[in-house]
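Okay, start_20.cif is below, mmCIF, C-alpha atoms:
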```cif
data_run
loop_
_atom_site.group_PDB
_atom_site.id
_atom_site.type_symbol
_atom_site.label_atom_id
_atom_site.label_comp_id
_atom_site.auth_asym_id
_atom_site.auth_seq_id
_atom_site.Cartn_x
_atom_site.Cartn_y
_atom_site.Cartn_z
ATOM 1 C CA MET A 1087 22.033 2.197 -15.959
ATOM 2 C CA ASN A 1088 19.426 0.768 -13.631
ATOM 3 C CA HIS A 1089 19.945 -2.404 -11.607
ATOM 4 C CA VAL A 1090 18.306 -4.770 -14.082
ATOM 5 C CA GLU A 1091 20.076 -3.302 -17.123
ATOM 6 C CA ARG A 1092 23.401 -3.518 -15.309
ATOM 7 C CA PHE A 1093 22.962 -7.152 -14.269
ATOM 8 C CA ARG A 1094 21.898 -8.243 -17.742
ATOM 9 C CA ALA A 1095 24.767 -6.357 -19.353
ATOM 10 C CA VAL A 1096 27.335 -8.020 -17.082
ATOM 11 C CA MET A 1097 25.891 -11.449 -17.820
ATOM 12 C CA ASN A 1098 26.197 -10.700 -21.545
ATOM 13 C CA PHE A 1099 29.788 -9.389 -21.235
ATOM 14 C CA GLU A 1100 28.653 -5.907 -22.264
ATOM 15 C CA PRO A 1101 30.026 -2.580 -20.935
ATOM 16 C CA VAL A 1102 28.531 -1.262 -17.682
ATOM 17 C CA ASP A 1103 28.778 1.959 -15.706
ATOM 18 C CA ARG A 1104 29.829 -0.117 -12.680
ATOM 19 C CA LEU A 1105 29.511 -3.696 -11.505
ATOM 20 C CA PRO A 1106 26.528 -4.822 -9.433
ATOM 21 C CA ARG A 1107 26.974 -4.717 -5.645
ATOM 22 C CA TRP A 1108 25.341 -7.858 -4.377
ATOM 23 C CA GLU A 1109 25.615 -10.400 -1.568
ATOM 24 C CA TRP A 1110 24.265 -13.518 -3.219
ATOM 25 C CA ALA A 1111 24.294 -15.590 0.005
ATOM 26 C CA MET A 1112 23.733 -12.699 2.429
ATOM 27 C CA TRP A 1113 24.755 -13.400 6.043
ATOM 28 C CA TRP A 1114 24.572 -16.067 8.742
ATOM 29 C CA ASP A 1115 21.812 -15.613 11.311
ATOM 30 C CA GLN A 1116 24.549 -15.486 13.981
ATOM 31 C CA THR A 1117 26.201 -12.670 12.022
ATOM 32 C CA ILE A 1118 23.030 -10.584 12.135
ATOM 33 C CA GLU A 1119 22.655 -11.333 15.859
ATOM 34 C CA ARG A 1120 26.187 -10.112 16.477
ATOM 35 C CA TRP A 1121 25.645 -6.960 14.462
ATOM 36 C CA HIS A 1122 22.555 -6.085 16.484
ATOM 37 C CA GLY A 1123 24.920 -5.587 19.398
ATOM 38 C CA GLU A 1124 27.259 -3.461 17.270
ATOM 39 C CA GLY A 1125 24.852 -0.944 15.804
ATOM 40 C CA LEU A 1126 22.598 -2.725 13.314
ATOM 41 C CA PRO A 1127 19.050 -1.588 14.163
ATOM 42 C CA GLY A 1128 17.145 -4.284 16.006
ATOM 43 C CA GLY A 1129 14.242 -4.072 13.589
ATOM 44 C CA TYR A 1130 16.285 -5.809 10.911
ATOM 45 C CA GLN A 1131 15.897 -9.562 11.385
ATOM 46 C CA PHE A 1132 17.718 -12.365 9.572
ATOM 47 C CA SER A 1133 14.715 -13.149 7.356
ATOM 48 C CA GLN A 1134 14.558 -9.568 6.066
ATOM 49 C CA VAL A 1135 17.443 -9.922 3.661
ATOM 50 C CA PHE A 1136 16.075 -7.409 1.158
ATOM 51 C CA GLU A 1137 15.647 -4.773 3.856
ATOM 52 C CA ILE A 1138 19.110 -5.416 5.312
ATOM 53 C CA ALA A 1139 20.685 -5.195 1.855
ATOM 54 C CA ARG A 1140 18.946 -1.864 1.313
ATOM 55 C CA TYR A 1141 20.171 -0.647 4.723
ATOM 56 C CA PHE A 1142 23.750 -1.408 3.656
ATOM 57 C CA GLY A 1143 23.290 0.291 0.287
ATOM 58 C CA LEU A 1144 23.593 -2.890 -1.753
ATOM 59 C CA ASP A 1145 21.748 -3.274 -5.038
ATOM 60 C CA PRO A 1146 18.198 -4.587 -4.597
ATOM 61 C CA TYR A 1147 17.643 -8.244 -5.426
ATOM 62 C CA GLN A 1148 14.713 -10.370 -4.340
ATOM 63 C CA GLN A 1149 15.071 -14.147 -4.224
ATOM 64 C CA PHE A 1150 12.255 -16.692 -4.406
ATOM 65 C CA TRP A 1151 13.332 -20.229 -3.451
ATOM 66 C CA PHE A 1152 10.921 -22.931 -4.606
ATOM 67 C CA SER A 1153 11.553 -25.762 -2.183
ATOM 68 C CA THR A 1154 10.575 -29.347 -2.906
ATOM 69 C CA THR A 1155 9.438 -29.834 0.703
ATOM 70 C CA ASP A 1156 7.915 -26.581 2.053
ATOM 71 C CA PRO A 1157 6.113 -23.605 0.502
ATOM 72 C CA THR A 1158 8.594 -21.146 2.036
ATOM 73 C CA ILE A 1159 12.143 -19.931 1.459
ATOM 74 C CA ALA A 1160 12.867 -20.870 5.076
ATOM 75 C CA ALA A 1161 12.345 -24.598 4.380
ATOM 76 C CA THR A 1162 14.807 -26.754 6.314
ATOM 77 C CA GLN A 1163 14.132 -30.122 4.640
ATOM 78 C CA HIS A 1164 15.198 -31.870 7.857
ATOM 79 C CA HIS A 1165 11.908 -33.719 8.115
ATOM 80 C CA VAL A 1166 12.602 -35.691 4.917
ATOM 81 C CA GLU A 1167 16.403 -35.748 4.784
ATOM 82 C CA GLY A 1168 17.692 -39.304 4.484
ATOM 83 C CA MET A 1169 14.254 -40.901 4.728
ATOM 84 C CA VAL A 1170 14.425 -42.731 1.400
ATOM 85 C CA SER A 1171 16.347 -46.001 1.042
ATOM 86 C CA ASN A 1172 14.405 -47.700 -1.741
ATOM 87 C CA MET A 1173 11.485 -47.333 -4.119
ATOM 88 C CA ASP A 1174 8.897 -48.197 -1.450
ATOM 89 C CA ASP A 1175 10.240 -45.460 0.809
ATOM 90 C CA TYR A 1176 10.087 -42.908 -1.985
ATOM 91 C CA LEU A 1177 6.538 -43.788 -2.970
ATOM 92 C CA ARG A 1178 5.552 -43.453 0.688
ATOM 93 C CA VAL A 1179 7.268 -40.053 1.080
ATOM 94 C CA ARG A 1180 6.288 -38.635 -2.311
ATOM 95 C CA PRO A 1181 2.844 -37.327 -1.217
ATOM 96 C CA GLN A 1182 4.648 -35.045 1.271
ATOM 97 C CA LEU A 1183 6.766 -33.489 -1.456
ATOM 98 C CA PHE A 1184 6.279 -30.881 -4.194
ATOM 99 C CA PRO A 1185 4.205 -28.279 -2.295
ATOM 100 C CA ASP A 1186 1.965 -25.598 -3.741
ATOM 101 C CA HIS A 1187 3.933 -22.349 -4.126
ATOM 102 C CA GLY A 1188 0.958 -20.340 -5.316
ATOM 103 C CA ALA A 1189 1.193 -17.776 -2.513
ATOM 104 C CA SER A 1190 4.866 -17.057 -3.219
ATOM 105 C CA ILE A 1191 4.240 -16.815 -6.940
ATOM 106 C CA ARG A 1192 1.395 -14.352 -6.409
ATOM 107 C CA GLY A 1193 3.812 -12.337 -4.286
ATOM 108 C CA MET A 1194 6.158 -12.112 -7.257
ATOM 109 C CA ALA A 1195 3.763 -9.753 -9.039
ATOM 110 C CA GLU A 1196 4.921 -6.734 -7.032
ATOM 111 C CA TRP A 1197 8.550 -7.595 -7.743
ATOM 112 C CA ALA A 1198 7.829 -8.104 -11.429
ATOM 113 C CA SER A 1199 6.644 -4.495 -11.507
ATOM 114 C CA ARG A 1200 9.806 -3.316 -9.760
ATOM 115 C CA GLN A 1201 11.887 -5.348 -12.185
ATOM 116 C CA ARG A 1202 10.152 -3.803 -15.208
ATOM 117 C CA GLN A 1203 10.982 -0.376 -13.797
ATOM 118 C CA GLY A 1204 14.607 -1.367 -13.220
ATOM 119 C CA GLU A 1205 14.310 -0.994 -9.442
ATOM 120 C CA ALA A 1206 15.096 -4.591 -8.433
ATOM 121 C CA VAL A 1207 16.390 -7.821 -9.901
ATOM 122 C CA VAL A 1208 14.160 -10.857 -9.374
ATOM 123 C CA TRP A 1209 15.976 -14.112 -8.750
ATOM 124 C CA ALA A 1210 14.264 -17.514 -8.611
ATOM 125 C CA THR A 1211 15.883 -20.672 -7.224
ATOM 126 C CA ILE A 1212 14.885 -24.246 -7.890
ATOM 127 C CA GLU A 1213 16.398 -27.468 -6.583
ATOM 128 C CA GLY A 1214 18.560 -29.639 -8.776
ATOM 129 C CA PHE A 1215 18.956 -33.210 -9.897
ATOM 130 C CA PHE A 1216 21.851 -34.016 -7.581
ATOM 131 C CA TRP A 1217 20.631 -31.930 -4.623
ATOM 132 C CA PHE A 1218 17.123 -33.378 -4.405
ATOM 133 C CA PRO A 1219 17.979 -37.117 -4.430
ATOM 134 C CA ARG A 1220 20.717 -36.419 -1.888
ATOM 135 C CA THR A 1221 18.212 -34.613 0.323
ATOM 136 C CA LEU A 1222 15.868 -37.591 0.230
ATOM 137 C CA MET A 1223 18.428 -40.364 0.529
ATOM 138 C CA GLY A 1224 21.526 -38.898 2.107
ATOM 139 C CA PHE A 1225 24.853 -38.980 0.297
ATOM 140 C CA GLU A 1226 25.924 -42.570 0.940
ATOM 141 C CA LYS A 1227 22.626 -44.215 0.021
ATOM 142 C CA MET A 1228 22.358 -42.096 -3.112
ATOM 143 C CA MET A 1229 25.828 -43.109 -4.258
ATOM 144 C CA TYR A 1230 24.978 -46.796 -3.907
ATOM 145 C CA ALA A 1231 21.658 -46.231 -5.684
ATOM 146 C CA TYR A 1232 23.422 -44.979 -8.820
ATOM 147 C CA GLU A 1233 24.517 -48.599 -9.298
ATOM 148 C CA ASP A 1234 21.864 -50.576 -7.424
ATOM 149 C CA GLU A 1235 18.616 -48.667 -8.031
ATOM 150 C CA PRO A 1236 18.979 -46.454 -11.106
ATOM 151 C CA GLU A 1237 15.235 -46.571 -11.778
ATOM 152 C CA LEU A 1238 14.605 -44.961 -8.371
ATOM 153 C CA LEU A 1239 16.921 -42.031 -9.115
ATOM 154 C CA HIS A 1240 15.390 -41.519 -12.541
ATOM 155 C CA LEU A 1241 11.896 -41.492 -11.058
ATOM 156 C CA ILE A 1242 12.920 -38.963 -8.409
ATOM 157 C CA ASN A 1243 14.470 -36.664 -11.002
ATOM 158 C CA GLN A 1244 11.618 -37.022 -13.464
ATOM 159 C CA ASP A 1245 9.229 -36.047 -10.669
ATOM 160 C CA LEU A 1246 11.455 -33.079 -9.868
ATOM 161 C CA LEU A 1247 11.557 -32.018 -13.509
ATOM 162 C CA ASP A 1248 7.762 -32.214 -13.703
ATOM 163 C CA PHE A 1249 7.499 -30.144 -10.509
ATOM 164 C CA ASN A 1250 9.865 -27.497 -11.869
ATOM 165 C CA PHE A 1251 7.905 -27.331 -15.103
ATOM 166 C CA ARG A 1252 4.687 -26.814 -13.117
ATOM 167 C CA LEU A 1253 6.395 -23.998 -11.213
ATOM 168 C CA LEU A 1254 7.408 -22.349 -14.461
ATOM 169 C CA ASP A 1255 3.874 -22.686 -15.818
ATOM 170 C CA GLN A 1256 2.624 -20.781 -12.771
ATOM 171 C CA MET A 1257 5.491 -18.330 -12.463
ATOM 172 C CA LEU A 1258 6.145 -17.072 -15.962
ATOM 173 C CA PRO A 1259 2.729 -15.443 -16.526
ATOM 174 C CA VAL A 1260 3.328 -13.498 -13.295
ATOM 175 C CA CYS A 1261 7.054 -12.767 -13.439
ATOM 176 C CA VAL A 1262 9.947 -13.681 -15.727
ATOM 177 C CA PRO A 1263 12.994 -13.598 -13.407
ATOM 178 C CA THR A 1264 16.121 -11.752 -14.446
ATOM 179 C CA PHE A 1265 17.967 -14.993 -13.769
ATOM 180 C CA MET A 1266 17.549 -18.324 -11.994
ATOM 181 C CA THR A 1267 19.836 -20.465 -9.899
ATOM 182 C CA ILE A 1268 19.635 -24.195 -9.401
ATOM 183 C CA ALA A 1269 20.800 -25.562 -6.058
ATOM 184 C CA GLU A 1270 23.150 -28.522 -6.518
ATOM 185 C CA ASP A 1271 26.226 -28.432 -4.215
ATOM 186 C CA MET A 1272 27.674 -31.281 -6.246
ATOM 187 C CA SER A 1273 31.363 -30.422 -5.875
ATOM 188 C CA TYR A 1274 33.744 -30.346 -2.917
ATOM 189 C CA ASN A 1275 37.356 -29.284 -2.391
ATOM 190 C CA SER A 1276 38.690 -31.921 -4.812
ATOM 191 C CA GLY A 1277 36.125 -31.512 -7.575
ATOM 192 C CA PRO A 1278 32.783 -33.093 -8.529
ATOM 193 C CA MET A 1279 31.283 -35.658 -6.167
ATOM 194 C CA ILE A 1280 30.229 -37.870 -9.068
ATOM 195 C CA SER A 1281 31.909 -39.018 -12.254
ATOM 196 C CA LYS A 1282 31.209 -37.616 -15.693
ATOM 197 C CA ARG A 1283 29.543 -40.925 -16.598
ATOM 198 C CA THR A 1284 27.160 -40.667 -13.633
ATOM 199 C CA PHE A 1285 26.506 -37.000 -14.416
ATOM 200 C CA ASP A 1286 25.692 -37.797 -18.035
ATOM 201 C CA GLU A 1287 23.340 -40.625 -17.110
ATOM 202 C CA PHE A 1288 21.498 -39.263 -14.083
ATOM 203 C CA VAL A 1289 21.790 -35.461 -14.112
ATOM 204 C CA ALA A 1290 22.421 -34.078 -17.591
ATOM 205 C CA PRO A 1291 19.282 -35.502 -19.267
ATOM 206 C CA TYR A 1292 17.038 -33.453 -17.002
ATOM 207 C CA TYR A 1293 18.991 -30.249 -17.571
ATOM 208 C CA ARG A 1294 18.703 -30.819 -21.300
ATOM 209 C CA LYS A 1295 14.932 -30.689 -20.922
ATOM 210 C CA LEU A 1296 14.844 -27.830 -18.385
ATOM 211 C CA VAL A 1297 17.313 -25.384 -19.937
ATOM 212 C CA PRO A 1298 15.524 -24.972 -23.312
ATOM 213 C CA ARG A 1299 12.351 -23.991 -21.465
ATOM 214 C CA LEU A 1300 14.267 -21.221 -19.707
ATOM 215 C CA GLN A 1301 15.991 -20.171 -22.913
ATOM 216 C CA GLU A 1302 12.585 -19.593 -24.507
ATOM 217 C CA HIS A 1303 12.180 -16.738 -22.009
ATOM 218 C CA ASN A 1304 15.826 -15.570 -22.002
ATOM 219 C CA ILE A 1305 16.322 -16.684 -18.388
ATOM 220 C CA PRO A 1306 19.977 -17.539 -17.720
ATOM 221 C CA LEU A 1307 20.493 -20.527 -15.413
ATOM 222 C CA ILE A 1308 23.355 -20.373 -12.885
ATOM 223 C CA MET A 1309 24.384 -23.418 -10.869
ATOM 224 C CA ASP A 1310 24.931 -22.935 -7.137
ATOM 225 C CA THR A 1311 27.611 -25.429 -6.135
ATOM 226 C CA ASP A 1312 30.316 -25.132 -3.509
ATOM 227 C CA GLY A 1313 33.835 -26.534 -3.650
ATOM 228 C CA ASP A 1314 36.184 -26.729 -6.635
ATOM 229 C CA VAL A 1315 34.154 -26.299 -9.824
ATOM 230 C CA THR A 1316 37.100 -26.400 -12.239
ATOM 231 C CA MET A 1317 36.325 -29.869 -13.640
ATOM 232 C CA LEU A 1318 32.587 -29.250 -13.506
ATOM 233 C CA VAL A 1319 32.371 -26.102 -15.637
ATOM 234 C CA PRO A 1320 32.801 -27.834 -19.031
ATOM 235 C CA TRP A 1321 30.102 -30.322 -18.041
ATOM 236 C CA LEU A 1322 27.795 -27.399 -17.302
ATOM 237 C CA GLN A 1323 28.543 -25.727 -20.617
ATOM 238 C CA GLU A 1324 27.524 -28.905 -22.424
ATOM 239 C CA ILE A 1325 24.024 -28.767 -20.891
ATOM 240 C CA GLY A 1326 23.421 -25.052 -21.402
ATOM 241 C CA VAL A 1327 24.069 -23.716 -17.898
ATOM 242 C CA ARG A 1328 25.296 -20.124 -18.211
ATOM 243 C CA GLY A 1329 27.278 -19.663 -15.024
ATOM 244 C CA VAL A 1330 28.325 -20.875 -11.601
ATOM 245 C CA LEU A 1331 28.725 -19.501 -8.092
ATOM 246 C CA PRO A 1332 30.334 -18.955 -5.555
ATOM 247 C CA LEU A 1333 33.920 -19.960 -6.639
ATOM 248 C CA GLU A 1334 35.109 -20.757 -3.125
ATOM 249 C CA ARG A 1335 38.688 -19.742 -2.415
ATOM 250 C CA GLN A 1336 39.040 -22.282 0.403
ATOM 251 C CA ALA A 1337 38.553 -25.001 -2.210
ATOM 252 C CA GLY A 1338 41.444 -23.653 -4.262
ATOM 253 C CA VAL A 1339 39.367 -22.249 -7.127
ATOM 254 C CA ASP A 1340 41.245 -19.795 -9.377
ATOM 255 C CA GLY A 1341 38.689 -17.598 -11.099
ATOM 256 C CA LEU A 1342 41.141 -16.007 -13.510
ATOM 257 C CA LYS A 1343 42.299 -19.406 -14.766
ATOM 258 C CA LEU A 1344 38.665 -20.378 -15.183
ATOM 259 C CA ARG A 1345 38.079 -17.212 -17.210
ATOM 260 C CA GLN A 1346 41.004 -18.047 -19.453
ATOM 261 C CA GLN A 1347 39.648 -21.564 -19.985
ATOM 262 C CA PHE A 1348 36.000 -20.544 -20.295
ATOM 263 C CA PRO A 1349 35.861 -16.994 -21.690
ATOM 264 C CA GLU A 1350 32.061 -16.891 -22.067
ATOM 265 C CA PHE A 1351 31.045 -18.418 -18.733
ATOM 266 C CA PHE A 1352 29.455 -16.265 -16.032
ATOM 267 C CA PHE A 1353 30.821 -16.228 -12.467
ATOM 268 C CA VAL A 1354 29.631 -14.787 -9.137
ATOM 269 C CA GLY A 1355 31.468 -14.613 -5.830
ATOM 270 C CA HIS A 1356 35.153 -15.492 -5.345
ATOM 271 C CA PHE A 1357 35.914 -12.884 -2.652
ATOM 272 C CA ASP A 1358 37.603 -14.882 0.111
ATOM 273 C CA LYS A 1359 35.403 -14.485 3.195
ATOM 274 C CA MET A 1360 38.344 -15.516 5.394
ATOM 275 C CA THR A 1361 39.978 -12.122 4.753
ATOM 276 C CA MET A 1362 37.064 -10.132 6.144
ATOM 277 C CA ASN A 1363 38.119 -10.190 9.811
ATOM 278 C CA ARG A 1364 41.778 -9.432 9.019
ATOM 279 C CA GLY A 1365 41.410 -5.731 8.343
ATOM 280 C CA GLU A 1366 41.339 -3.326 5.418
ATOM 281 C CA GLN A 1367 44.765 -4.230 4.040
ATOM 282 C CA ALA A 1368 43.863 -7.913 3.664
ATOM 283 C CA MET A 1369 40.487 -7.113 2.100
ATOM 284 C CA ARG A 1370 42.020 -4.575 -0.281
ATOM 285 C CA ALA A 1371 44.571 -7.144 -1.418
ATOM 286 C CA GLU A 1372 41.765 -9.619 -2.035
ATOM 287 C CA PHE A 1373 39.866 -7.102 -4.192
ATOM 288 C CA GLU A 1374 43.063 -6.307 -6.097
ATOM 289 C CA ARG A 1375 43.424 -10.018 -6.831
ATOM 290 C CA LEU A 1376 39.964 -9.920 -8.410
ATOM 291 C CA VAL A 1377 40.515 -6.815 -10.572
ATOM 292 C CA PRO A 1378 41.562 -8.727 -13.750
ATOM 293 C CA LEU A 1379 38.506 -10.955 -13.400
ATOM 294 C CA MET A 1380 36.229 -7.941 -12.864
ATOM 295 C CA LYS A 1381 37.632 -6.301 -15.977
ATOM 296 C CA SER A 1382 37.120 -9.455 -18.046
ATOM 297 C CA GLY A 1383 33.318 -9.118 -17.934
ATOM 298 C CA GLY A 1384 30.788 -11.750 -16.989
ATOM 299 C CA PHE A 1385 31.732 -11.585 -13.313
ATOM 300 C CA ILE A 1386 30.097 -10.126 -10.200
ATOM 301 C CA PRO A 1387 32.356 -9.975 -7.138
ATOM 302 C CA SER A 1388 30.727 -11.113 -3.923
ATOM 303 C CA VAL A 1389 31.630 -12.925 -0.728
ATOM 304 C CA ASP A 1390 32.283 -16.557 -1.657
ATOM 305 C CA HIS A 1391 29.609 -17.680 0.786
ATOM 306 C CA GLN A 1392 27.673 -16.168 3.671
ATOM 307 C CA THR A 1393 29.508 -13.529 5.719
ATOM 308 C CA PRO A 1394 30.472 -15.434 8.889
ATOM 309 C CA PRO A 1395 29.804 -14.297 12.475
ATOM 310 C CA GLY A 1396 33.524 -13.703 13.051
ATOM 311 C CA VAL A 1397 33.168 -10.513 10.988
ATOM 312 C CA SER A 1398 32.267 -7.401 12.978
ATOM 313 C CA LEU A 1399 29.891 -4.763 11.703
ATOM 314 C CA GLU A 1400 32.807 -2.332 11.437
ATOM 315 C CA GLN A 1401 34.771 -4.826 9.345
ATOM 316 C CA TYR A 1402 31.769 -5.435 7.121
ATOM 317 C CA ARG A 1403 31.337 -1.707 6.562
ATOM 318 C CA CYS A 1404 34.992 -1.603 5.523
ATOM 319 C CA TYR A 1405 34.284 -4.408 3.051
ATOM 320 C CA LEU A 1406 31.338 -2.451 1.647
ATOM 321 C CA GLY A 1407 33.479 0.651 1.193
ATOM 322 C CA LEU A 1408 36.024 -1.367 -0.766
ATOM 323 C CA LEU A 1409 33.257 -3.054 -2.773
ATOM 324 C CA ASP A 1410 31.999 0.401 -3.735
ATOM 325 C CA GLU A 1411 35.503 1.477 -4.725
ATOM 326 C CA PHE A 1412 36.501 -1.555 -6.770
ATOM 327 C CA THR A 1413 33.205 -2.058 -8.599
ATOM 328 C CA ARG A 1414 33.537 1.386 -10.176
ATOM 329 C CA LEU A 1415 36.000 -0.112 -12.708
#
```

Same coordinates, now as structure tokens:
Amino acid sequence: MNHVERFRAVMNFEPVDRLPRWEWAMWWDQTIERWHGEGLPGGYQFSQVFEIARYFGLDPYQQFWFSTTDPTIAATQHHVEGMVSNMDDYLRVRPQLFPDHGASIRGMAEWASRQRQGEAVVWATIEGFFWFPRTLMGFEKMMYAYEDEPELLHLINQDLLDFNFRLLDQMLPVCVPTFMTIAEDMSYNSGPMISKRTFDEFVAPYYRKLVPRLQEHNIPLIMDTDGDVTMLVPWLQEIGVRGVLPLERQAGVDGLKLRQQFPEFFFVGHFDKMTMNRGEQAMRAEFERLVPLMKSGGFIPSVDHQTPPGVSLEQYRCYLGLLDEFTRL
């Protein structure tokens, strides 16, 4: 099987020759800096994630992040974060938002060709209907606005939906991604940051308009949210989201219990990054914990967030050797 066939088969709970080998969040910039002093060639810089993944022998994936604030995957969003307190603020800031991503979309053409040939999976990321208002307002102001200024939050999310639809109008004639993620980070170590009522009123309606558009092109949507997703998964199923990542162990997530509860939901991640600097025995035990989940289908093992700078290059190579071993099923 080629890379694209393998990824699609796993997502559809179909048999595969092996599981994909993928680092969905790649590595911290400090991690790459450390590795330069431990044998990683200096020509590989943090921004060259595709090239670094190829150097390590990982499966080729190319991500395109369509930021609401900058026409680049390296967007920081710091120049707008927390700037909005009310409707007047948003109307003042709005002209700075929703940039033109035409250059990035034109660059997808080469990757669309590679995807058609099975050489690389194309992955597109958009920002979500919890993430974006929080970026603009900050967490505390957004939480008050759910009660005090609901019309502001609905305007922000309608604008975001319109922006994402414009992106799709531009993107799909050039490249239909193998899958898409939506950045939300709407859970923490005790569960969702908002109630089901708030989710249903302010978040779900926009997914219910977005997801059918993706389904028309067979693009699965995966939510990127940290923390404990256990309570959140059934909410996501209701709105047509196909999967979630990264199933953080430090938040107490139990992927096998989630599989038992949600047998058709897709998961990525769940390898506890805190084991990576503790040696081969600890990492092997962590992979063995994941074996039942790997065998269940609909799961790609990966570090449950970026590989931290406390992990040496030698330790990471050990992780890769075990990843190769355990993904052979």

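Applied to this file, the PyMOL selection byres ((chain A and resi 1376) around 9) selects A:Gly1341, A:Leu1342, A:His1356, A:Phe1357, A:Ala1371, A:Glu1372, A:Phe1373, A:Glu1374, A:Arg1375, A:Val1377, A:Pro1378, A:Leu1379, A:Met1380, A:Lys1381, A:Pro1387.
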
For range 1106-1144 of chain A against range 1396-1404 of chain A, with a cut-off of 10 Å and counting all atoms listed in the file, what is the closest atom pair and its distance in Å to one decimal for every residue that makes the cut, ordered by chain and number, as a Markdown table?
```
| residue | atom | partner | partner_atom | distance |
| --- | --- | --- | --- | --- |
| A:Gln1116 | CA | A:Gly1396 | CA | 9.2 |
| A:Thr1117 | CA | A:Val1397 | CA | 7.4 |
| A:Ile1118 | CA | A:Leu1399 | CA | 9.0 |
| A:Arg1120 | CA | A:Ser1398 | CA | 7.5 |
| A:Trp1121 | CA | A:Leu1399 | CA | 5.5 |
| A:His1122 | CA | A:Leu1399 | CA | 8.9 |
| A:Gly1123 | CA | A:Leu1399 | CA | 9.2 |
| A:Glu1124 | CA | A:Leu1399 | CA | 6.3 |
| A:Gly1125 | CA | A:Leu1399 | CA | 7.5 |
| A:Leu1126 | CA | A:Leu1399 | CA | 7.7 |
| A:Phe1142 | CA | A:Arg1403 | CA | 8.1 |
```

Practice problem: To verify the selection step, state as a PyMOL selection string which residues the PyMOL selection byres ((chain A and resi 1096) around 8) yields on this input. | Solution: chain A and resi 1092-1095+1097-1102+1105+1383-1386

Practice problem: For range 1230-1239 of chain A, list every protein, DNA or RNA residue within 10 Å, evaluated using only C-alpha atoms, and leave out those in the same chain fewer than 6 positions away; present the list as a list in words. | Solution: Ser1171, Asn1172, Met1173, Asp1174, Tyr1176, Leu1177, Phe1215, Phe1216, Phe1218, Pro1219, Arg1220, Met1223, Asp1245, Ile1280, Thr1284, Glu1287, Phe1288 and Val1289 of chain A

Next, dump the selected residues to file, keeping only C-alpha atoms, as a PDB file, in the frame of the given file.
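Resulting contents of result37.pdb:
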```
ATOM      1  CA  SER A1171      16.347 -46.001   1.042  1.00  0.00           C
ATOM      2  CA  ASN A1172      14.405 -47.700  -1.741  1.00  0.00           C
ATOM      3  CA  MET A1173      11.485 -47.333  -4.119  1.00  0.00           C
ATOM      4  CA  ASP A1174       8.897 -48.197  -1.450  1.00  0.00           C
ATOM      5  CA  TYR A1176      10.087 -42.908  -1.985  1.00  0.00           C
ATOM      6  CA  LEU A1177       6.538 -43.788  -2.970  1.00  0.00           C
ATOM      7  CA  PHE A1215      18.956 -33.210  -9.897  1.00  0.00           C
ATOM      8  CA  PHE A1216      21.851 -34.016  -7.581  1.00  0.00           C
ATOM      9  CA  PHE A1218      17.123 -33.378  -4.405  1.00  0.00           C
ATOM     10  CA  PRO A1219      17.979 -37.117  -4.430  1.00  0.00           C
ATOM     11  CA  ARG A1220      20.717 -36.419  -1.888  1.00  0.00           C
ATOM     12  CA  MET A1223      18.428 -40.364   0.529  1.00  0.00           C
ATOM     13  CA  ASP A1245       9.229 -36.047 -10.669  1.00  0.00           C
ATOM     14  CA  ILE A1280      30.229 -37.870  -9.068  1.00  0.00           C
ATOM     15  CA  THR A1284      27.160 -40.667 -13.633  1.00  0.00           C
ATOM     16  CA  GLU A1287      23.340 -40.625 -17.110  1.00  0.00           C
ATOM     17  CA  PHE A1288      21.498 -39.263 -14.083  1.00  0.00           C
ATOM     18  CA  VAL A1289      21.790 -35.461 -14.112  1.00  0.00           C
TER      19      VAL A1289
END
```

Quiz item: the PyMOL selection byres ((chain A and resi 1276) around 9) on the file shown: which residues, as a ChimeraX atom specification?
Solution: /A:1273-1275,1277-1279,1313-1315,1337-1338

Quiz item: Contacts of Tyr1147 in chain A at 12 Å or less, counting only C-alpha atoms, minus same-chain residues fewer than 5 places along, as an NGL selection string?
Solution: :A and (1089-1090 or 1093 or 1106-1112 or 1134-1140 or 1197-1198 or 1200-1201 or 1204-1210 or 1263-1265)

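For the atom pair formed by CA of Gln1336 in chain A and CA of Asp1271 in chain A, the distance is 14.9 Å, given to one decimal.
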
Quiz item: Nearest to Thr1361 in chain A among A:Thr1393, A:Thr1211, A:Gln1203, A:Thr1154, with distances taken over all atoms listed in the file: which residue is it?
Solution: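 When distances to Thr1361 in chain A are compared using all atoms listed in the file, the smallest one comes from A:Thr1393.
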
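Of the listed residues A:Asp1340, A:Glu1324, A:Asp1156, A:Glu1091, the one whose atoms come nearest to Pro1291 in chain A is A:Glu1324, with distances taken using only C-alpha atoms.
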